[in-house]
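Data block below; observations after.
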Amino acid sequence: MIDDTKPVDNTYTVENIVDNTLVISTPPHVRKKRNTKGIMGDVCIALAPAAIAGIVFFGYMAFIIELVAVLGCVATEFVYFFIAKGGFANKCKNAKATCLAWWKQFDLTSIVTGLILALILPVTVKWYEVLIGSIFAIAIVKMFFGGTGKNLVNPAATARVLMLLSFSMTVYVAANVGAVLEGGEVLTSATNLNHLLNESHLSQLSVLDLFLGTGVNGCIGETSALAILIGYIYLCVRKVIKWWQPLLLLAVFGFCAVLLSGFYFDKYKFDIGLFLPHVLSGGAVFAAVFMFTDYVTSPKGVIGQLVYYIAGGILLALLRYLTGLEVASFVILIMNILVPLIDRYCIRKPFGYVKEKKHKEGK
């Protein structure tokens, strides 16, 4: 069996293939001296600026939410693995071996899931709600379907949708303001996205505020586009993601959002003053960089990826316009479900394929 976390070994013989002992594991297949753990480590580093910015902007509660989400995801993965591998069998005689086996296969994916989940939540969410979301993301969305590389949809996005439908997560506080005032009241106001969609397309904040994250009402890791940009550059330099993927989605989304809002012209020129507020408001940038680009739940071929990101951008703009809400997690969930269909009809050329030349008649 080829391990998809190690360089592909092409030393298999014909006898192996005839005996059906050659099994191709689920994608993605890494063909370089990098494994899943190394890639997830890079993602953790890329998420760090957004996580730190969230703590700076929203205070210690942001740190608690991040900690609960990460520990909840890691603990859930361990407990699930421990039970599935017979850790409790024979009065826990195999407990030590099972723990060592879990540590050996630990690839940091649960840490990434926990961090992403925490960063797409508002700071007003309760700690036990975060824990429930973490357990659902790992136990149901990931481990129930076979673990890393076999989940059908993005665990963090799916958990966020569950939490939004199950708990009241409509209270957002402004960065640099603080969550609690005297008397325990929560300071809230309409988000910039609400102003863009529901108040004659007017942006409440400047583009600079939206880029830096200052004074922005929103989720912990989605408010500072600058922090997300740092993570994006790191992922591109490390070749974890392709540079054009998030940019394509955001370009399509921004254009469609402006189109739905109504074009503003100044001497027949496109008004970028409306384009950027749409792109920088809400969780579009964070989702484009860290969630749409997930290896497991996105198409494998270039043509399929083009369809995926273009369709995702259009759907995100359309659902935002129709609902007046941030719907990035819902769009990711919908597009993940469509990925098998995209891969089916956007067929890739086999590796090493050479198109057969047509021979003219009489030659």
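As shown in the structure tokens, the chain order sets the letters A, B, ...; within each chain, residues go from 1, and ligands are also counted from 1 in the order they appear.
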
Give me the residues within 9 Å of Leu315 in chain A as an mmCIF file with N, CA and C atoms, in the first residue's frame, counting only C-alpha atoms and dropping any in the same chain fewer than 5 places off.
data_model
loop_
_atom_site.group_PDB
_atom_site.id
_atom_site.type_symbol
_atom_site.label_atom_id
_atom_site.label_comp_id
_atom_site.auth_asym_id
_atom_site.auth_seq_id
_atom_site.Cartn_x
_atom_site.Cartn_y
_atom_site.Cartn_z
ATOM 1 N N PHE A 253 -15.726 36.727 -6.695
ATOM 2 C CA PHE A 253 -16.679 37.109 -5.652
ATOM 3 C C PHE A 253 -16.873 38.624 -5.600
ATOM 4 N N ILE A 310 -14.338 29.515 -9.289
ATOM 5 C CA ILE A 310 -15.241 30.458 -9.951
ATOM 6 C C ILE A 310 -16.664 30.277 -9.453
ATOM 7 N N ARG A 320 -24.776 35.814 -0.193
ATOM 8 C CA ARG A 320 -24.612 36.993 0.658
ATOM 9 C C ARG A 320 -25.681 38.037 0.335
ATOM 10 N N VAL A 331 -21.326 28.057 1.893
ATOM 11 C CA VAL A 331 -20.853 27.919 0.518
ATOM 12 C C VAL A 331 -19.781 26.841 0.425
#

Need to verify the contact set: range 43-57 of chain A, 7 Å, only C-alpha atoms, exclusion of same-chain residues closer than 6 positions in sequence. Can you return it as a VMD selection string? chain A and resid 63 112 119 175 to 176 220 to 221 227 to 228 231 to 232 234 to 235

Using only C-alpha atoms, the shortest atom-to-atom distance to Ala317 in chain A among A:Leu280, A:Val258, A:Val74, A:Ile337 belongs to A:Val258

Residues near Glu326 in chain A, cut-off 10 Å, only C-alpha atoms, skip fewer than 2 positions along chain, as a tab-separated table (two decimals) with all heavy atoms, in the first residue's frame:
chain	number	residue	atom	x	y	z
A	193	LEU	N	-20.46	44.37	6.94
A	193	LEU	CA	-21.21	43.61	5.94
A	193	LEU	C	-22.68	43.98	5.95
A	193	LEU	O	-23.32	44.09	4.90
A	193	LEU	CB	-21.03	42.11	6.20
A	193	LEU	CG	-21.68	41.16	5.18
A	193	LEU	CD1	-21.10	41.39	3.80
A	193	LEU	CD2	-21.46	39.72	5.61
A	194	ASN	N	-23.25	44.18	7.13
A	194	ASN	CA	-24.64	44.61	7.23
A	194	ASN	C	-24.86	45.96	6.54
A	194	ASN	O	-25.87	46.16	5.87
A	194	ASN	CB	-25.08	44.71	8.69
A	194	ASN	CG	-25.08	43.37	9.40
A	194	ASN	OD1	-24.61	43.25	10.52
A	194	ASN	ND2	-25.61	42.35	8.75
A	218	GLY	N	-16.71	41.39	14.01
A	218	GLY	CA	-16.64	40.14	13.27
A	218	GLY	C	-16.10	39.00	14.10
A	218	GLY	O	-16.06	39.07	15.33
A	281	SER	N	-14.84	42.64	3.90
A	281	SER	CA	-15.84	42.48	4.96
A	281	SER	C	-16.21	41.02	5.13
A	281	SER	O	-16.25	40.26	4.16
A	281	SER	CB	-17.09	43.30	4.63
A	281	SER	OG	-16.80	44.68	4.56
A	282	GLY	N	-16.51	40.63	6.37
A	282	GLY	CA	-16.91	39.25	6.62
A	282	GLY	C	-15.73	38.29	6.56
A	282	GLY	O	-14.58	38.67	6.75
A	283	GLY	N	-16.02	37.03	6.25
A	283	GLY	CA	-14.98	36.00	6.28
A	283	GLY	C	-14.53	35.52	4.94
A	283	GLY	O	-13.95	34.42	4.83
A	284	ALA	N	-14.74	36.30	3.87
A	284	ALA	CA	-14.40	35.85	2.52
A	284	ALA	C	-12.90	35.60	2.36
A	284	ALA	O	-12.49	34.59	1.80
A	284	ALA	CB	-14.88	36.88	1.49
A	316	LEU	N	-20.95	32.53	-3.37
A	316	LEU	CA	-20.74	33.32	-2.14
A	316	LEU	C	-21.37	34.71	-2.29
A	316	LEU	O	-22.05	35.20	-1.37
A	316	LEU	CB	-19.25	33.43	-1.85
A	316	LEU	CG	-18.84	34.24	-0.62
A	316	LEU	CD1	-19.50	33.68	0.64
A	316	LEU	CD2	-17.31	34.24	-0.47
A	317	ALA	N	-21.15	35.36	-3.43
A	317	ALA	CA	-21.72	36.68	-3.65
A	317	ALA	C	-23.24	36.62	-3.71
A	317	ALA	O	-23.93	37.48	-3.15
A	317	ALA	CB	-21.16	37.27	-4.95
A	319	LEU	N	-25.41	34.30	-2.44
A	319	LEU	CA	-26.05	33.98	-1.16
A	319	LEU	C	-25.90	35.12	-0.16
A	319	LEU	O	-26.80	35.36	0.65
A	319	LEU	CB	-25.48	32.68	-0.59
A	319	LEU	CG	-25.83	31.40	-1.34
A	319	LEU	CD1	-25.29	30.18	-0.62
A	319	LEU	CD2	-27.33	31.28	-1.52
A	320	ARG	N	-24.78	35.81	-0.19
A	320	ARG	CA	-24.61	36.99	0.66
A	320	ARG	C	-25.68	38.04	0.33
A	320	ARG	O	-26.29	38.63	1.21
A	320	ARG	CB	-23.23	37.61	0.44
A	320	ARG	CG	-22.24	37.38	1.56
A	320	ARG	CD	-21.11	38.36	1.39
A	320	ARG	NE	-19.98	38.07	2.26
A	320	ARG	CZ	-18.92	38.86	2.35
A	320	ARG	NH1	-18.86	39.96	1.62
A	320	ARG	NH2	-17.93	38.55	3.16
A	321	TYR	N	-25.87	38.27	-0.96
A	321	TYR	CA	-26.82	39.28	-1.40
A	321	TYR	C	-28.25	38.90	-1.02
A	321	TYR	O	-29.03	39.74	-0.57
A	321	TYR	CB	-26.71	39.46	-2.91
A	321	TYR	CG	-27.71	40.43	-3.48
A	321	TYR	CD1	-27.55	41.81	-3.34
A	321	TYR	CD2	-28.82	39.97	-4.18
A	321	TYR	CE1	-28.47	42.70	-3.87
A	321	TYR	CE2	-29.76	40.86	-4.71
A	321	TYR	CZ	-29.56	42.22	-4.56
A	321	TYR	OH	-30.48	43.10	-5.07
A	323	THR	N	-29.29	36.74	1.38
A	323	THR	CA	-29.53	36.54	2.82
A	323	THR	C	-29.14	37.73	3.67
A	323	THR	O	-29.66	37.90	4.77
A	323	THR	CB	-28.77	35.31	3.34
A	323	THR	OG1	-27.35	35.53	3.21
A	323	THR	CG2	-29.14	34.05	2.55
A	324	GLY	N	-28.20	38.54	3.20
A	324	GLY	CA	-27.70	39.64	4.00
A	324	GLY	C	-26.82	39.19	5.14
A	324	GLY	O	-26.58	39.94	6.09
A	328	ALA	N	-20.03	32.15	4.18
A	328	ALA	CA	-18.86	31.47	3.64
A	328	ALA	C	-18.84	29.98	4.00
A	328	ALA	O	-18.55	29.13	3.15
A	328	ALA	CB	-17.58	32.14	4.13
A	329	SER	N	-19.18	29.65	5.24
A	329	SER	CA	-19.16	28.24	5.68
A	329	SER	C	-20.21	27.42	4.93
A	329	SER	O	-19.96	26.26	4.56
A	329	SER	CB	-19.39	28.15	7.18
A	329	SER	OG	-18.32	28.73	7.89
A	330	PHE	N	-21.38	28.00	4.69
A	330	PHE	CA	-22.42	27.31	3.94
A	330	PHE	C	-21.97	27.07	2.49
A	330	PHE	O	-22.20	25.99	1.94
A	330	PHE	CB	-23.71	28.12	3.94
A	330	PHE	CG	-24.44	28.12	5.25
A	330	PHE	CD1	-24.19	29.10	6.20
A	330	PHE	CD2	-25.37	27.13	5.55
A	330	PHE	CE1	-24.85	29.10	7.41
A	330	PHE	CE2	-26.03	27.12	6.76
A	330	PHE	CZ	-25.78	28.11	7.70
A	331	VAL	N	-21.33	28.06	1.89
A	331	VAL	CA	-20.85	27.92	0.52
A	331	VAL	C	-19.78	26.84	0.43
A	331	VAL	O	-19.77	26.03	-0.51
A	331	VAL	CB	-20.31	29.27	0.00
A	331	VAL	CG1	-19.66	29.10	-1.37
A	331	VAL	CG2	-21.44	30.29	-0.08

Separation of CA of Tyr309 in chain A from CA of Leu249 in chain A in Å: 5.0 Å

DSSP helix (DSSP H, G or I) residues within range 44-177 of chain A, listed as a ChimeraX atom specification: /A:44-58,60-84,89-92,95-105,109-119,127-145,155-166

Find the residues near Leu115 in chain A: any atom within 7 Å, counting only C-alpha atoms, skip ones fewer than 3 places away on the same chain, and give them as number ranges by chain. A: 66, 69-70, 111-112, 118-119

Give me the residues within 10 Å of Lys85 in chain A as a list in words, counting only C-alpha atoms and dropping any in the same chain fewer than 3 places off. Val79, Tyr80, Phe81, Phe82, Phe88, Ala89, Asn94, Ala95, Ala97, Thr98, Cys99, Ala101 and Trp102 of chain A

Generate a file of the selected residues that holds all heavy atoms, formatted as a tab-separated table (two decimals), in the first residue's frame.
chain	number	residue	atom	x	y	z
A	79	VAL	N	-9.40	10.17	21.77
A	79	VAL	CA	-10.41	9.28	22.37
A	79	VAL	C	-11.01	8.37	21.32
A	79	VAL	O	-11.19	7.17	21.54
A	79	VAL	CB	-11.50	10.10	23.08
A	79	VAL	CG1	-12.64	9.20	23.53
A	79	VAL	CG2	-10.92	10.85	24.27
A	80	TYR	N	-11.33	8.93	20.16
A	80	TYR	CA	-11.91	8.13	19.08
A	80	TYR	C	-10.93	7.04	18.65
A	80	TYR	O	-11.30	5.87	18.48
A	80	TYR	CB	-12.26	9.03	17.89
A	80	TYR	CG	-13.17	8.39	16.88
A	80	TYR	CD1	-14.52	8.73	16.82
A	80	TYR	CD2	-12.69	7.44	15.96
A	80	TYR	CE1	-15.36	8.13	15.88
A	80	TYR	CE2	-13.52	6.85	15.03
A	80	TYR	CZ	-14.86	7.21	14.99
A	80	TYR	OH	-15.70	6.63	14.07
A	81	PHE	N	-9.66	7.42	18.47
A	81	PHE	CA	-8.63	6.46	18.07
A	81	PHE	C	-8.44	5.39	19.15
A	81	PHE	O	-8.31	4.19	18.85
A	81	PHE	CB	-7.31	7.20	17.82
A	81	PHE	CG	-6.20	6.33	17.30
A	81	PHE	CD1	-5.99	6.19	15.95
A	81	PHE	CD2	-5.34	5.67	18.18
A	81	PHE	CE1	-4.95	5.39	15.47
A	81	PHE	CE2	-4.31	4.88	17.71
A	81	PHE	CZ	-4.12	4.74	16.35
A	82	PHE	N	-8.42	5.82	20.40
A	82	PHE	CA	-8.20	4.90	21.51
A	82	PHE	C	-9.30	3.85	21.58
A	82	PHE	O	-9.03	2.66	21.77
A	82	PHE	CB	-8.14	5.69	22.82
A	82	PHE	CG	-7.65	4.91	24.00
A	82	PHE	CD1	-6.29	4.75	24.21
A	82	PHE	CD2	-8.54	4.33	24.90
A	82	PHE	CE1	-5.82	4.03	25.31
A	82	PHE	CE2	-8.08	3.60	25.99
A	82	PHE	CZ	-6.71	3.45	26.20
A	88	PHE	N	-9.43	0.03	25.32
A	88	PHE	CA	-10.11	-0.39	26.54
A	88	PHE	C	-10.26	-1.91	26.64
A	88	PHE	O	-10.77	-2.43	27.64
A	88	PHE	CB	-11.50	0.25	26.62
A	88	PHE	CG	-11.47	1.72	26.91
A	88	PHE	CD1	-11.87	2.64	25.96
A	88	PHE	CD2	-11.00	2.19	28.13
A	88	PHE	CE1	-11.84	3.99	26.22
A	88	PHE	CE2	-10.96	3.54	28.40
A	88	PHE	CZ	-11.37	4.46	27.44
A	89	ALA	N	-9.84	-2.63	25.61
A	89	ALA	CA	-9.98	-4.09	25.61
A	89	ALA	C	-9.03	-4.73	26.60
A	89	ALA	O	-7.94	-4.21	26.90
A	89	ALA	CB	-9.72	-4.63	24.21
A	94	ASN	N	-3.68	-2.97	26.47
A	94	ASN	CA	-3.01	-2.42	25.29
A	94	ASN	C	-3.05	-0.89	25.27
A	94	ASN	O	-2.84	-0.28	24.23
A	94	ASN	CB	-3.68	-2.96	24.03
A	94	ASN	CG	-3.56	-4.46	23.91
A	94	ASN	OD1	-2.54	-5.04	24.30
A	94	ASN	ND2	-4.58	-5.10	23.37
A	95	ALA	N	-3.35	-0.28	26.41
A	95	ALA	CA	-3.50	1.18	26.45
A	95	ALA	C	-2.22	1.89	26.04
A	95	ALA	O	-2.26	2.84	25.24
A	95	ALA	CB	-3.91	1.61	27.85
A	97	ALA	N	0.34	0.82	24.21
A	97	ALA	CA	0.64	0.60	22.79
A	97	ALA	C	-0.30	1.43	21.91
A	97	ALA	O	0.11	1.98	20.88
A	97	ALA	CB	0.51	-0.88	22.45
A	98	THR	N	-1.56	1.55	22.34
A	98	THR	CA	-2.52	2.33	21.57
A	98	THR	C	-2.17	3.81	21.60
A	98	THR	O	-2.28	4.50	20.59
A	98	THR	CB	-3.94	2.12	22.13
A	98	THR	OG1	-4.25	0.73	22.15
A	98	THR	CG2	-4.97	2.85	21.27
A	99	CYS	N	-1.74	4.29	22.77
A	99	CYS	CA	-1.33	5.70	22.89
A	99	CYS	C	-0.12	5.99	22.01
A	99	CYS	O	-0.05	7.04	21.34
A	99	CYS	CB	-1.02	6.04	24.34
A	99	CYS	SG	-2.45	6.05	25.44
A	101	ALA	N	0.70	4.35	19.33
A	101	ALA	CA	0.25	4.27	17.93
A	101	ALA	C	-0.43	5.58	17.52
A	101	ALA	O	-0.25	6.06	16.39
A	101	ALA	CB	-0.70	3.09	17.76
A	102	TRP	N	-1.22	6.14	18.43
A	102	TRP	CA	-1.88	7.42	18.12
A	102	TRP	C	-0.85	8.52	17.93
A	102	TRP	O	-0.94	9.31	16.98
A	102	TRP	CB	-2.84	7.81	19.25
A	102	TRP	CG	-3.41	9.19	19.04
A	102	TRP	CD1	-4.43	9.54	18.21
A	102	TRP	CD2	-2.94	10.41	19.65
A	102	TRP	NE1	-4.64	10.90	18.26
A	102	TRP	CE2	-3.74	11.46	19.14
A	102	TRP	CE3	-1.94	10.71	20.57
A	102	TRP	CZ2	-3.56	12.79	19.53
A	102	TRP	CZ3	-1.77	12.03	20.96
A	102	TRP	CH2	-2.57	13.05	20.44

With only C-alpha atoms as the atoms that count, which of A:Leu322, A:Ile230, A:Cys236, A:Val296 lies nearest to Asn154 in chain A? A:Val296

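Of the residues listed (A:Leu121, A:Leu108, A:Ile135, A:Val141), A:Leu121 shows the shortest atom-to-atom separation from Leu164 in chain A; distances use only C-alpha atoms.
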
Test item: residues at most 10 Å from Arg348 in chain A, only C-alpha atoms, excluding those fewer than 4 positions along its chain, as a ChimeraX atom specification: /A:300-304,343-344

Polymer residues at most 8 Å from Ala225 in chain A, only C-alpha atoms, same-chain spacing of 6 or more positions, as an mmCIF file with all heavy atoms, in the first residue's frame:
data_model
loop_
_atom_site.group_PDB
_atom_site.id
_atom_site.type_symbol
_atom_site.label_atom_id
_atom_site.label_comp_id
_atom_site.auth_asym_id
_atom_site.auth_seq_id
_atom_site.Cartn_x
_atom_site.Cartn_y
_atom_site.Cartn_z
ATOM 1 N N LEU A 210 -10.630 48.073 7.463
ATOM 2 C CA LEU A 210 -10.971 46.697 7.108
ATOM 3 C C LEU A 210 -9.716 45.859 6.866
ATOM 4 O O LEU A 210 -9.677 44.668 7.193
ATOM 5 C CB LEU A 210 -11.849 46.685 5.854
ATOM 6 C CG LEU A 210 -13.258 47.270 6.014
ATOM 7 C CD1 LEU A 210 -13.936 47.400 4.652
ATOM 8 C CD2 LEU A 210 -14.095 46.402 6.939
ATOM 9 N N PHE A 211 -8.694 46.470 6.282
ATOM 10 C CA PHE A 211 -7.455 45.749 6.003
ATOM 11 C C PHE A 211 -6.697 45.421 7.281
ATOM 12 O O PHE A 211 -6.201 44.305 7.462
ATOM 13 C CB PHE A 211 -6.574 46.577 5.066
ATOM 14 C CG PHE A 211 -5.281 45.911 4.711
ATOM 15 C CD1 PHE A 211 -5.250 44.806 3.867
ATOM 16 C CD2 PHE A 211 -4.076 46.380 5.223
ATOM 17 C CE1 PHE A 211 -4.046 44.186 3.547
ATOM 18 C CE2 PHE A 211 -2.878 45.768 4.907
ATOM 19 C CZ PHE A 211 -2.869 44.669 4.064
ATOM 20 N N LEU A 212 -6.640 46.387 8.195
ATOM 21 C CA LEU A 212 -5.909 46.175 9.448
ATOM 22 C C LEU A 212 -6.732 45.402 10.469
ATOM 23 O O LEU A 212 -6.184 44.681 11.305
ATOM 24 C CB LEU A 212 -5.481 47.515 10.037
ATOM 25 C CG LEU A 212 -4.511 48.350 9.199
ATOM 26 C CD1 LEU A 212 -4.238 49.684 9.880
ATOM 27 C CD2 LEU A 212 -3.214 47.592 8.959
ATOM 28 N N GLY A 213 -8.053 45.580 10.444
ATOM 29 C CA GLY A 213 -8.925 44.924 11.408
ATOM 30 C C GLY A 213 -9.322 45.790 12.575
ATOM 31 O O GLY A 213 -9.968 45.315 13.509
ATOM 32 N N LEU A 280 -13.194 42.638 1.691
ATOM 33 C CA LEU A 280 -12.561 42.667 3.001
ATOM 34 C C LEU A 280 -13.543 42.515 4.158
ATOM 35 O O LEU A 280 -13.129 42.299 5.292
ATOM 36 C CB LEU A 280 -11.785 43.977 3.175
ATOM 37 C CG LEU A 280 -10.615 44.196 2.207
ATOM 38 C CD1 LEU A 280 -9.978 45.553 2.444
ATOM 39 C CD2 LEU A 280 -9.578 43.091 2.342
ATOM 40 N N VAL A 285 -12.077 36.537 2.840
ATOM 41 C CA VAL A 285 -10.627 36.405 2.657
ATOM 42 C C VAL A 285 -10.088 35.203 3.429
ATOM 43 O O VAL A 285 -9.305 34.406 2.904
ATOM 44 C CB VAL A 285 -9.907 37.696 3.103
ATOM 45 C CG1 VAL A 285 -8.398 37.543 2.972
ATOM 46 C CG2 VAL A 285 -10.380 38.884 2.276
ATOM 47 N N PHE A 286 -10.506 35.056 4.672
ATOM 48 C CA PHE A 286 -10.041 33.924 5.486
ATOM 49 C C PHE A 286 -10.467 32.606 4.847
ATOM 50 O O PHE A 286 -9.671 31.660 4.760
ATOM 51 C CB PHE A 286 -10.614 34.026 6.896
ATOM 52 C CG PHE A 286 -10.098 32.971 7.838
ATOM 53 C CD1 PHE A 286 -8.964 33.194 8.591
ATOM 54 C CD2 PHE A 286 -10.743 31.744 7.957
ATOM 55 C CE1 PHE A 286 -8.472 32.212 9.453
ATOM 56 C CE2 PHE A 286 -10.268 30.770 8.805
ATOM 57 C CZ PHE A 286 -9.122 30.996 9.560
#

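As for CA of Ile116 in chain A and CA of Ala159 in chain A, they are spaced 10.5 Å apart.
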